[in-house]
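**Q** First, the structure itself, so that you have it in front of you.
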Amino acid sequence: MKNKYSIFSLIKNAFSGHENWQRTWSDATPKKEYDAIIIGGGGHGLATAYYLAKKHKMNNIAVVEKGWIGGGNTGRNTTIIRSNYLWDASAGLYDHALKIWEGLSQELNYNVMFSQRGVMNLAHNLQDVRDLKRRTHANRLNGIDAVWLNTEEVKKFCPIINTSPNIRYPVLGGTLQKRAGTARHDAVAWGYARGADQMGVDIIQNCEVKGIKRIGDKIEGIETTKGFIKTNKIGVVAAGHSSVIANMVGMRLPLESKPLQALVSEPVKPIIDTVVMSNAVHAYVSQSDKGELVIGAGTDSYISYTQKGSHNVVEETLRAILELYPIFSRMKMLRQWGGIVDICPDASPIISKTQIKGLYFNCGWGTGGFKATPGSGDLFAHTIANDEPHKLNSSFNLNRFVSGDLVDEHGAAAVAH
Amino acid sequence: MFLINCPYCGERDQSEFSCGGEAHIERPKQPTELSDDQWAEYLFMRKNVKGIQFERWNHIHGCRKWFNVARDTSNDKIHAVYKMGERPPIK
C-alpha cells in the first residue's frame, strides 16, 4: 500500500509541519467505460467498490456520487453498531458486519475509531420485557452475545439513568450486547474511499445520475451530469434515493423515503460510556469522543426528501431523554439535522438482483444501515461479481415481497416507523 | 414540518394529522384472481416519488376525516387538497 499510515509516517510528516500529506483519494474524471459502476458514494457504496476490487479483482470500476463522499446518511447517522437482531437471516447478516468491524481499522490502515462500548436496549413495559428476553435467547442461539439485565443491573451499568418506579415509563430491565458500540462515521467513508482508490477504483464526485440506458433487458450505461458512461453492471446503493433510480428503468420498489433526525448537544466531560436505546419511549443516546451527546430521534410519518424533519419529532425524543436522564435537563443542543432513509415494509434491507440483467440494488436499510456498512459492501460485491447472492444475503432479495417470506425486524430496528 | 389546509377544519399544523401514504391505490376488485406478483404490487410496491406526490391524510387530532393532498416531496410544498373519491386536480 502506498502512503501507508504508521507511527513513522506520522513522525516524518511532523518534521515537515504536516504540510506534505498526500491526498487520501484522487478526484477522478469518468472514463468512457467501466466493468461495473456503483451509484452512490456513501459507506455502503464505497465498501462495495472496495470489496469488488479486493476480493473479486474487479479494478476497472467506478463509484459515482451526486454530492460528495459520505455527505449523505453515512455522515448523518448516530454511528451505532450492533447485531442483536431477532431472525436467523438478520443475525447472520448483521453479525457478519460486526465481525468485519472488529478488524476494520487494521484492514483499511485507517482508524475508524470502532469502540465496543456496548449497546443497552431498555424495556419499559411487560411486552417489552417479553420481546427483549425472547430476542436475547434468539441472539444467543445464533452465537451473538446478549444478556438480560434487571433494573438494578441497568442502573449499575449506566448510573445516570433514572430507574425510579415513579416515572411515566419505568425501566423494567434491558438487554446488553457488549460487542456492540460506535465508530467514527466519516472515517468509514474516507477509509473505504482511500482503500478502493489505491486499488484503482475511480471515485467520481459531483456526478449525478440522470438516466439509465438499456437495450431490452440489458444494461448499456448511465447518463450523468458528466456525460454518458458505458457499463454492463450497475450496483445501486442510493439509500433514500433508491426509488428515484428505480423509476429511471420503470421499476417500483417496496420503499418509502422519510426524514430521520439526529441531534448533538454542546460538548461536556465524559458522562455516558455506552449506548442506551429505548424503543418504547423512543430515545437513544451516546457520547462522541468530542464530548457531545449524540441523540437519535424518530422518522416523520410522511414521505419527504427534504433532509430536515419536523420539530415535534425532536420534542418527543427530548421529552423522553429528560425523563430518563434528568441530569441532562440544562444541556443545550448544538445542531440538528435529517437524513432520508428508505424504509422497507419489514424493516429489513434488500441486497438483490433484479429482473434486469446487470442491475443490482442494495437498499431498504431504513433507520439502521450504518452498522452494516462493511458486511453490506462485502455481500453486495459478491452478488454483483458472481451474479448470485451470497448465502448470507439470499433471504434479502426483492422476491420476498412476492413470496411473502418477509424478515420482520420492526422490533429489533429500534426506531419507530 | 408544514401546515395542512384540512378541507373540513381549515389550516392546522402537520402534527395534528396522520399520513396514510400514497393515494389512489385501488383495492383489487377480484382478489381471488390475483397472482402473487399482482398482490406484491398492490401491497408493497410504491412510487415513492421525489416531486409531486398524491397522498392520503387523516386529521387524526381534529375531525378525524380522511382527504387527499398533492404535495411536492422535494420541498414539502402543498399544491392542492381534495376530498376522498375525487381525482387529483393537478397533473
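In the C-alpha cells, each chain is lettered A, B, ... as it comes, each chain's residues begin at 1, and ligands are numbered from 1 in order of appearance.
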Near Ile25 in chain B, counting only C-alpha atoms, which residues have an atom at most 10 Å away, once you skip same-chain residues fewer than 2 positions from it, shown as a list in words?
**A**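 Residues meeting the cut-off are Gly21, Glu22, Ala23, Arg27, Pro28, Tyr42, Leu43, Arg46 and Glu55 of chain B.
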**Q** Please identify all polymer residues within 12 Å of Ser18 in chain B, counting only C-alpha atoms, omitting same-chain residues fewer than 3 positions from it, and present them as an MDAnalysis selection string.
**A** (chainID A and resid 300:303) or (chainID B and resid 4 6 13:15 21 55:68)
**Q** Sorted by chain and rising residue number, list the residues of chain A at most 6 Å from chain B (counting only C-alpha atoms), each with its closest atom pair and distance in Å to one decimal, as JSON lines.
**A**
{"residue": "A:Arg252", "atom": "CA", "partner": "B:Met45", "partner_atom": "CA", "distance": 5.7}
{"residue": "A:Leu253", "atom": "CA", "partner": "B:Met45", "partner_atom": "CA", "distance": 5.2}
{"residue": "A:Pro254", "atom": "CA", "partner": "B:Met45", "partner_atom": "CA", "distance": 4.2}
{"residue": "A:Glu256", "atom": "CA", "partner": "B:Asn48", "partner_atom": "CA", "distance": 5.6}
{"residue": "A:Tyr302", "atom": "CA", "partner": "B:Cys19", "partner_atom": "CA", "distance": 5.6}
{"residue": "A:Ser304", "atom": "CA", "partner": "B:Thr73", "partner_atom": "CA", "distance": 4.6}
{"residue": "A:Tyr305", "atom": "CA", "partner": "B:Ser74", "partner_atom": "CA", "distance": 5.0}
{"residue": "A:Thr306", "atom": "CA", "partner": "B:Ser74", "partner_atom": "CA", "distance": 5.6}
{"residue": "A:Ser310", "atom": "CA", "partner": "B:Met1", "partner_atom": "CA", "distance": 4.5}
{"residue": "A:Phe401", "atom": "CA", "partner": "B:Ala40", "partner_atom": "CA", "distance": 5.7}
{"residue": "A:Val402", "atom": "CA", "partner": "B:Ala40", "partner_atom": "CA", "distance": 5.0}
**Q** Would you mind exporting the chosen residues as an mmCIF file, in the first residue's frame, restricted to N, CA and C atoms?
**A**
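Dumped to selection.cif:
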data_model
loop_
_atom_site.group_PDB
_atom_site.id
_atom_site.type_symbol
_atom_site.label_atom_id
_atom_site.label_comp_id
_atom_site.auth_asym_id
_atom_site.auth_seq_id
_atom_site.Cartn_x
_atom_site.Cartn_y
_atom_site.Cartn_z
ATOM 1 N N ARG A 252 -40.645 -0.230 -9.687
ATOM 2 C CA ARG A 252 -41.065 0.295 -8.393
ATOM 3 C C ARG A 252 -40.476 -0.597 -7.305
ATOM 4 N N LEU A 253 -40.110 0.010 -6.186
ATOM 5 C CA LEU A 253 -39.531 -0.747 -5.075
ATOM 6 C C LEU A 253 -40.467 -0.657 -3.869
ATOM 7 N N PRO A 254 -40.381 -1.613 -2.950
ATOM 8 C CA PRO A 254 -41.243 -1.559 -1.760
ATOM 9 C C PRO A 254 -40.670 -0.621 -0.707
ATOM 10 N N GLU A 256 -40.368 3.415 1.175
ATOM 11 C CA GLU A 256 -40.832 4.774 1.421
ATOM 12 C C GLU A 256 -39.678 5.566 2.022
ATOM 13 N N TYR A 302 -44.441 10.965 7.088
ATOM 14 C CA TYR A 302 -44.745 11.154 5.669
ATOM 15 C C TYR A 302 -43.480 11.068 4.820
ATOM 16 N N SER A 304 -40.722 12.276 2.442
ATOM 17 C CA SER A 304 -40.130 13.566 2.128
ATOM 18 C C SER A 304 -38.655 13.369 1.799
ATOM 19 N N TYR A 305 -38.155 14.223 0.902
ATOM 20 C CA TYR A 305 -36.741 14.166 0.513
ATOM 21 C C TYR A 305 -35.997 15.402 0.991
ATOM 22 N N THR A 306 -36.534 16.085 2.021
ATOM 23 C CA THR A 306 -36.020 17.407 2.372
ATOM 24 C C THR A 306 -34.843 17.414 3.347
ATOM 25 N N SER A 310 -39.446 17.131 11.191
ATOM 26 C CA SER A 310 -40.351 18.007 11.938
ATOM 27 C C SER A 310 -39.872 18.257 13.357
ATOM 28 N N PHE A 401 -41.058 -10.094 -1.342
ATOM 29 C CA PHE A 401 -42.328 -9.362 -1.267
ATOM 30 C C PHE A 401 -43.399 -10.029 -2.130
ATOM 31 N N VAL A 402 -42.951 -10.912 -3.018
ATOM 32 C CA VAL A 402 -43.898 -11.702 -3.803
ATOM 33 C C VAL A 402 -44.188 -13.018 -3.082
#
**Q** Would you give me, as a list in words, the residues in range 10-109 of chain A that DSSP reads as strand (DSSP E or B)?
**A**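 The strand (DSSP E or B) subset of range 10-109 of chain A is Glu33, Ala36, Ile37, Ile38, Ile39, Ile61, Ala62, Val63, Val64, Ile80 and Ile81 of chain A.
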**Q** Could you write out that same residue set with N, CA, C and O atoms as a compact mmCIF listing (two decimals), in the first residue's frame?
**A**
# COMPACT_ATOMS: atom_id res chain seq x y z
N GLU A 33 -15.68 3.83 -20.26
CA GLU A 33 -16.35 2.55 -19.97
C GLU A 33 -15.76 1.91 -18.72
O GLU A 33 -14.56 1.99 -18.47
N ALA A 36 -17.98 -2.20 -14.05
CA ALA A 36 -19.15 -2.03 -13.18
C ALA A 36 -19.14 -0.62 -12.63
O ALA A 36 -18.08 -0.01 -12.46
N ILE A 37 -20.34 -0.10 -12.38
CA ILE A 37 -20.45 1.23 -11.78
C ILE A 37 -21.33 1.12 -10.54
O ILE A 37 -22.40 0.49 -10.57
N ILE A 38 -20.86 1.71 -9.45
CA ILE A 38 -21.65 1.79 -8.24
C ILE A 38 -22.27 3.19 -8.17
O ILE A 38 -21.55 4.18 -8.23
N ILE A 39 -23.58 3.25 -8.06
CA ILE A 39 -24.25 4.55 -7.93
C ILE A 39 -24.44 4.84 -6.44
O ILE A 39 -25.19 4.14 -5.76
N ILE A 61 -13.54 -0.27 -12.18
CA ILE A 61 -14.89 0.10 -11.74
C ILE A 61 -14.89 1.54 -11.23
O ILE A 61 -13.84 2.13 -10.98
N ALA A 62 -16.10 2.10 -11.10
CA ALA A 62 -16.21 3.49 -10.63
C ALA A 62 -17.34 3.60 -9.62
O ALA A 62 -18.30 2.83 -9.64
N VAL A 63 -17.19 4.58 -8.74
CA VAL A 63 -18.28 4.96 -7.84
C VAL A 63 -18.70 6.36 -8.26
O VAL A 63 -17.86 7.26 -8.31
N VAL A 64 -19.97 6.55 -8.61
CA VAL A 64 -20.43 7.90 -8.94
C VAL A 64 -21.30 8.42 -7.80
O VAL A 64 -22.15 7.70 -7.27
N ILE A 80 -24.24 4.02 15.60
CA ILE A 80 -24.39 2.84 16.46
C ILE A 80 -24.18 1.55 15.66
O ILE A 80 -24.69 1.41 14.55
N ILE A 81 -23.42 0.64 16.25
CA ILE A 81 -23.13 -0.65 15.62
C ILE A 81 -23.53 -1.76 16.57
O ILE A 81 -23.12 -1.76 17.74
**Q** How many Å separate CA of Ile327 in chain A from CA of Tyr284 in chain A?
**A**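 CA of Ile327 in chain A sits 15.1 Å away from CA of Tyr284 in chain A.
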**Q** Excluding His44 in chain A and any residue of its chain fewer than 6 positions from it, enumerate the residues within 7 Å of it, using only C-alpha atoms, and give them as a list of chain:residue names.
**A** A:Val237, A:Thr373, A:Ser376, A:Gly377
**Q** Any idea what's packed within 6 Å of range 86-100 of chain A, counting only C-alpha atoms, ignoring anything in its chain fewer than 3 positions away? Could you give it as a PyMOL selection string?
**A** chain A and resi 83+103-104+135+372+374-375+392
**Q** Store the residues picked out above in a file with N, CA, C and O atoms, as a compact mmCIF listing (two decimals), in the first residue's frame.
**A**
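Output saved as result.txt:
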# COMPACT_ATOMS: atom_id res chain seq x y z
N SER A 83 -25.53 -6.11 16.55
CA SER A 83 -26.03 -7.18 15.68
C SER A 83 -27.13 -7.97 16.38
O SER A 83 -27.40 -9.11 15.99
N GLY A 103 -12.01 -5.85 12.89
CA GLY A 103 -10.64 -5.73 12.37
C GLY A 103 -10.50 -4.67 11.30
O GLY A 103 -9.52 -4.63 10.56
N LEU A 104 -11.51 -3.80 11.18
CA LEU A 104 -11.58 -2.90 10.02
C LEU A 104 -10.46 -1.84 9.99
O LEU A 104 -9.90 -1.57 8.94
N ARG A 135 -35.65 -11.97 22.32
CA ARG A 135 -34.58 -11.60 21.38
C ARG A 135 -33.22 -12.00 21.95
O ARG A 135 -32.34 -12.45 21.21
N ALA A 372 -24.20 -1.88 9.36
CA ALA A 372 -23.98 -2.99 8.44
C ALA A 372 -22.99 -2.65 7.33
O ALA A 372 -22.72 -3.51 6.48
N PRO A 374 -19.74 -2.54 6.48
CA PRO A 374 -18.75 -3.46 5.90
C PRO A 374 -19.38 -4.75 5.35
O PRO A 374 -19.00 -5.21 4.28
N GLY A 375 -20.33 -5.30 6.08
CA GLY A 375 -20.97 -6.55 5.66
C GLY A 375 -21.79 -6.34 4.41
O GLY A 375 -21.78 -7.16 3.48
N LEU A 392 -25.49 -15.43 2.89
CA LEU A 392 -25.89 -14.53 3.98
C LEU A 392 -26.89 -13.46 3.54
O LEU A 392 -27.58 -12.87 4.37
**Q** Run DSSP on the backbone of this structure and report the residues of chain B it assigns to alpha helix (DSSP H), as number ranges by chain.
**A** B: 36-43
**Q** Interatomic distance between CA of Thr163 in chain A and CA of Gln127 in chain A?
**A**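 Taking CA of Thr163 in chain A and CA of Gln127 in chain A, their separation equals 18.0 Å.
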